[in-house]
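Structure record follows, encoded as structure tokens.
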Amino acid sequence: MTAKIALLSVYDKTGLLDLAKGLVGNGVKLLGSGGTAKMIREAGFPIEDVSSITNAPEMLGGRVKTLHPAVHGGILAQDIERDNKDLLDNHISKIDVVVCNLYPFQQTIAKPAVTIAEAVEEVDIGGVTLLRAAAKNHARVSILSDPADYHGFLESLESGDVSQEYRNRLALKAFDQTATYDEAISDYFRKQYAGAGKQQLSLRYGANPHQIPAQAFVRDGDLPFKVLSGSPGYINLLDALNSWPLVKELHESLDLPAAASFKHVSPAGAAVGVQLTDDEKIVYGVSDLKEMSLLACAYARARGADRMSSFGDFIALSDECDAQTAKIINREVSDGIIAPGYSPEALEILKKKKGGKYCVLQMDPNYVPGSIETRQVYGVSLQQKRNDAKISPSTTFAKIVSSNKDLTEEGRRDMAVATIAVKYTQSNSVCYARDGMVVGLGAGQQSRIHCTRLAGEKADNWWLRHHPRVLSLQFAKTAKRADKANAIDLFVTAKVPASGPERTEWEAKFETVPEFLSDTERAEFLSTLDRVAVSSDAFFPFPDNVYRLGQSGVKFVSAPLGSVMDQAVIEAADSLNIVYCDTGLRLFHH
């Protein structure tokens with residue numbers, strides 16, 4: 001019986017001599033390249049140089065050692081008549097075991113001031129080829145790419161049973177190693193040759209300043225956005241790349257320009273372009289603007305729905321940013337914006353914001369991400385099909401399960417706004433919408449009723465800001481926009497302290513300190529809130545959610561069914577004359 005042959009070519013020589021001893025002891029003939037053969041021979045074990053079968057010396061300073069048909073034919077040959085004949089005709093012997101690990105590319109590029117030339121020399125060619133060839137033919141060949149596997153392999157060899165299952169696992173490890181190695185190489189050269197926002201963009205840090213390094217990159221083509229001004233951070237890009245598909249989908253669904261105001265990867269507000277009344281202009285802080293495009297109206301609504309949450313937002317616009325919209329943005333505290341384009345005047349305005357540091361991103365409107373998305377959590381990769389469910393006002397809400405089936409066009413529009421918003425909101429989430437805009441969003445709560453209550457309280461506060469007494473508040477000339485927003489929030493939520501420094505500071509924001517709303521006045525005004533649409537990213541598990549919806553003027557509800565309490569939930573909706581649509585679509589987002 002012909003002796004088995006092992007080919008050894010390693011950079012990391014950990015455990016090499018023990019492995020060589022075990023192989024020789026089991027009657028395995030050794031072939032080695034370069035320093036590997038030298039080390040084994042000097043230890044007194046028999047080994048032949050690879051050149052003995054290739055009849056060609058190592059060349060090009062060691063760049064070419066094992067790249068030869070005598071090597072790879074021996075590795076790739078299957079136990080079939082055709083391959084056996086080819087080997088016989090060419091005087092090639094089968095190789096049964098390959099022991100190989102790679103040049104330390106990752107360690108080299110981690111060194112300070114490493115040059116490209118130095119990095120290039122650590123790109124392993126022959127080693128990767130050996131690994132892939134042996135791993136490909138794992139039906140016959142054992143590939144040892146990790147010194148940690150040497151002992152186990154020798155035990156199997158000595159028992160006379162290197163099983164197919166064992167070879168399978170060794171092959172998988174080799175494939176993983178070559179993939180990781182190639183990824184490190186492409187990452188390095190991507191930074192060198194396609195950095196600065198082409199295919200890769202280095203970031204100052206990750207979610208927190210101590211999380212360094214950080215970057216954004218794509219593996220194919222160029223990044224789908226360009227940095228026109230400022231320097232985006234990690235969280236900026238999380239907000240930008242979550243808010244952009246939201247406004248894009250709103251525009252596609254409703255054929256209206258859309259805007260979103262994002263904070264920490266959830267919308268603080270989102271809206272489509274619906275003209276503002278004079279009172280709404282006061283509520284959203286744009287009463288001084290006579291001419292407003294629909295896009296400007298959309299952002300005024302998105303920003304103004306929950307001004308406290310929108311402070312320091314990242315903005316997304318579905319359409320080219322015009323000067324009217326840029327002027328509104330310019331006076332708000334905001335971190336950045338993403339849009340498919342900018343008029344020259346708008347770009348000039350935004351580039352001057354924050355002393356030229358305001359982040360302005362231009363998104364490629366034609367970019368379509370891959371259908372599979374991957375994320376890593378604690379070292380484990382999770383993969384899923386991208387959530388490409390389409391929300392259509394004409395079809396998504398077609399299944400009405402309540403007694404009241406009078407679903408108006410405004411109701412369809414607002415349910416579409418709410419449903420698209422929850423699709424891009426951290427779950428659990430419940431969204432209230434009216435007049436083409438989000439008016440209350442409960443995000444990231446473990447309990448759905450808490451989402452419903454939180455969103456309902458925000459919707460109530462939004463409506464109370466329309467109270468005549470709020471519209472007529474007389475602020476001091478020194479009060480800034482953020483001061484006004486905070487003062488109004490304390491006023492409508494009845495959270496103004498009875499005394500103390502905060503009360504004094506609050507009163508100082510006004511020319512005339514306003515009279516507080518009584519409980520009766522609040523209740524009477526809140527009773528006028530109506531035509532509100534709500535969407536939930538999953539089913540309502542109990543009727544209490546529906547009863548809370550009814551307290552905030554909800555007329556239209558969209559949510560999937562699926563709870564054992566569905567019938568009780570529908571009956572609660574019927575008791576309040578709510579139109580309840582079963583979307584059959586869960587929209588968890590994490």
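Convention: chains lettered A, B, ... in structure tokens order; per-chain residue numbering from 1; ligands numbered from 1 as shown.
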
Mind checking which residues fall within 10 Å of Ile53 of chain A, counting only C-alpha atoms, ignoring those fewer than 4 positions away in the same chain, and posting them as a PDB file with N, CA and C atoms, in the first residue's frame?
ATOM      1  N   LEU A  31       6.418  16.196   2.858  1.00  0.00           N
ATOM      2  CA  LEU A  31       6.942  17.172   1.901  1.00  0.00           C
ATOM      3  C   LEU A  31       6.843  18.537   2.559  1.00  0.00           C
ATOM      4  N   GLU A  48      11.148  15.706   2.494  1.00  0.00           N
ATOM      5  CA  GLU A  48      11.645  16.111   1.188  1.00  0.00           C
ATOM      6  C   GLU A  48      11.154  17.515   0.871  1.00  0.00           C
ATOM      7  N   ASP A  49      11.937  18.240   0.106  1.00  0.00           N
ATOM      8  CA  ASP A  49      11.517  19.570  -0.341  1.00  0.00           C
ATOM      9  C   ASP A  49      10.448  19.440  -1.417  1.00  0.00           C
ATOM     10  N   HIS A  68       2.167  24.780  -8.415  1.00  0.00           N
ATOM     11  CA  HIS A  68       2.646  23.858  -9.452  1.00  0.00           C
ATOM     12  C   HIS A  68       1.634  22.727  -9.602  1.00  0.00           C
ATOM     13  N   PRO A  69       1.437  22.220 -10.828  1.00  0.00           N
ATOM     14  CA  PRO A  69       0.496  21.102 -11.016  1.00  0.00           C
ATOM     15  C   PRO A  69       0.850  19.857 -10.205  1.00  0.00           C
ATOM     16  N   ALA A  70       2.131  19.644  -9.957  1.00  0.00           N
ATOM     17  CA  ALA A  70       2.515  18.468  -9.187  1.00  0.00           C
ATOM     18  C   ALA A  70       1.991  18.558  -7.756  1.00  0.00           C
ATOM     19  N   VAL A  71       1.874  19.787  -7.263  1.00  0.00           N
ATOM     20  CA  VAL A  71       1.326  20.002  -5.918  1.00  0.00           C
ATOM     21  C   VAL A  71      -0.193  19.987  -5.954  1.00  0.00           C
ATOM     22  N   HIS A  91       2.921  11.508 -13.745  1.00  0.00           N
ATOM     23  CA  HIS A  91       3.845  11.106 -12.673  1.00  0.00           C
ATOM     24  C   HIS A  91       3.650  11.955 -11.409  1.00  0.00           C
ATOM     25  N   ILE A  92       2.372  12.104 -11.024  1.00  0.00           N
ATOM     26  CA  ILE A  92       2.016  12.893  -9.844  1.00  0.00           C
ATOM     27  C   ILE A  92       1.416  11.959  -8.796  1.00  0.00           C
ATOM     28  N   SER A  93       1.837  12.144  -7.555  1.00  0.00           N
ATOM     29  CA  SER A  93       1.311  11.349  -6.441  1.00  0.00           C
ATOM     30  C   SER A  93       0.235  12.147  -5.700  1.00  0.00           C
TER      31      SER A  93
END

Using only C-alpha atoms, determine which residues lie at most 12 Å from Ser447 of chain A, disregarding the query and same-chain residues fewer than 4 positions distant; provide the list as a JSON list (two decimals) with C-alpha atoms, in the first residue's frame.
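Saved the output as result-v8.json:
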[["chain", "number", "residue", "atom", "x", "y", "z"],
["A", 427, "SER", "CA", -39.76, 47.94, 18.72],
["A", 428, "ASN", "CA", -42.11, 47.67, 20.44],
["A", 429, "SER", "CA", -43.70, 50.70, 18.83],
["A", 430, "VAL", "CA", -47.08, 52.36, 18.46],
["A", 442, "GLY", "CA", -44.06, 55.25, 21.65],
["A", 443, "ALA", "CA", -40.81, 53.44, 20.82],
["A", 451, "CYS", "CA", -45.99, 52.19, 24.00],
["A", 452, "THR", "CA", -49.65, 53.07, 23.56],
["A", 453, "ARG", "CA", -49.72, 55.29, 26.62],
["A", 454, "LEU", "CA", -46.43, 57.02, 25.81],
["A", 538, "ALA", "CA", -47.56, 43.95, 16.26],
["A", 539, "PHE", "CA", -50.94, 42.89, 17.60],
["A", 540, "PHE", "CA", -52.59, 44.58, 20.57],
["A", 541, "PRO", "CA", -52.69, 41.82, 23.19],
["A", 542, "PHE", "CA", -55.47, 43.26, 25.35],
["A", 545, "ASN", "CA", -54.68, 49.43, 24.42]]

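Between Thr66 of chain A and the candidates A:Glu505, A:Asp239, A:Glu249, A:Asp124, the tightest atom-to-atom separation, counting only C-alpha atoms, involves A:Asp124.
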
For this session: Give the answer as one residue: which of A:Ala494, A:Leu585, A:Leu250, A:Ala416 has the shortest atom-to-atom distance to Asp519 of chain A, using only C-alpha atoms?
Result: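 Residue with the minimum atom-to-atom distance to Asp519 of chain A: A:Ala494.
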
Exercise. Could you name the residues that touch Lys248 of chain A at 10 Å or less, counting only C-alpha atoms, but leaving out those on the same chain fewer than 5 positions away, as number ranges by chain?
Worked result: A: 243, 253, 255-259, 316-319, 339-340, 365

Output C-alpha atoms for every residue in the selection just made, as a short mmCIF file (atom, residue, chain, number, x, y, z; two decimals), in the first residue's frame.
data_model
loop_
_atom_site.label_atom_id
_atom_site.label_comp_id
_atom_site.auth_asym_id
_atom_site.auth_seq_id
_atom_site.Cartn_x
_atom_site.Cartn_y
_atom_site.Cartn_z
CA SER A 243 -34.42 57.74 8.12
CA SER A 253 -46.53 55.34 -1.00
CA ASP A 255 -46.78 60.62 -3.80
CA LEU A 256 -45.95 63.55 -1.54
CA PRO A 257 -42.60 64.97 -0.40
CA ALA A 258 -41.67 63.60 3.01
CA ALA A 259 -39.41 64.51 5.91
CA ALA A 316 -34.06 63.08 6.13
CA LEU A 317 -35.81 64.57 3.08
CA SER A 318 -37.29 62.56 0.24
CA ASP A 319 -36.81 65.35 -2.32
CA ALA A 339 -31.38 64.19 0.99
CA PRO A 340 -31.11 63.18 -2.68
CA PRO A 365 -31.89 58.03 -4.84
#

Problem set entry | Non-local contacts of Tyr432 of chain A (9 Å; only C-alpha atoms; under 5 positions in same chain excluded) as a ChimeraX atom specification | /A:414-415,418,437-442,452,455-456,458-459,532-535,549,554

For this session: For atom CA of Ile5 of chain A and atom CA of Ile95 of chain A, determine how far apart the two atoms are, in Å to one decimal place.
Result: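 Separation of atom CA of Ile5 of chain A and atom CA of Ile95 of chain A: 5.0 Å.
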
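If you count only C-alpha atoms and ignore residues fewer than 5 places along the chain from Ser310 of chain A, what sits within 8 Å of it is A:Ser261, A:Phe262, A:Lys263, A:Ala268, A:Gly269, A:Arg303, A:Gly304.
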
Exercise. Near Ala508 of chain A, counting only C-alpha atoms, which residues have an atom at most 10 Å away, once you skip same-chain residues fewer than 5 positions from it, shown as number ranges by chain?
Worked result: A: 475-476, 478-479, 487, 502-503, 513

Problem set entry | Contacts of segment 223-227 of chain A at 7 Å (only C-alpha atoms; same-chain gap of 5+ positions) as a list in words | Gly197, Lys198, Gln199, Gln200, Phe217, Val218, Val360, Leu361, Gln362, Met363, Asp364 and Tyr367 of chain A

For this session: To one decimal in Å, tell me the separation between atom CA of Leu23 of chain A and atom CA of Cys100 of chain A.
Result: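 Spanning atom CA of Leu23 of chain A to atom CA of Cys100 of chain A is a straight-line distance of 14.7 Å.
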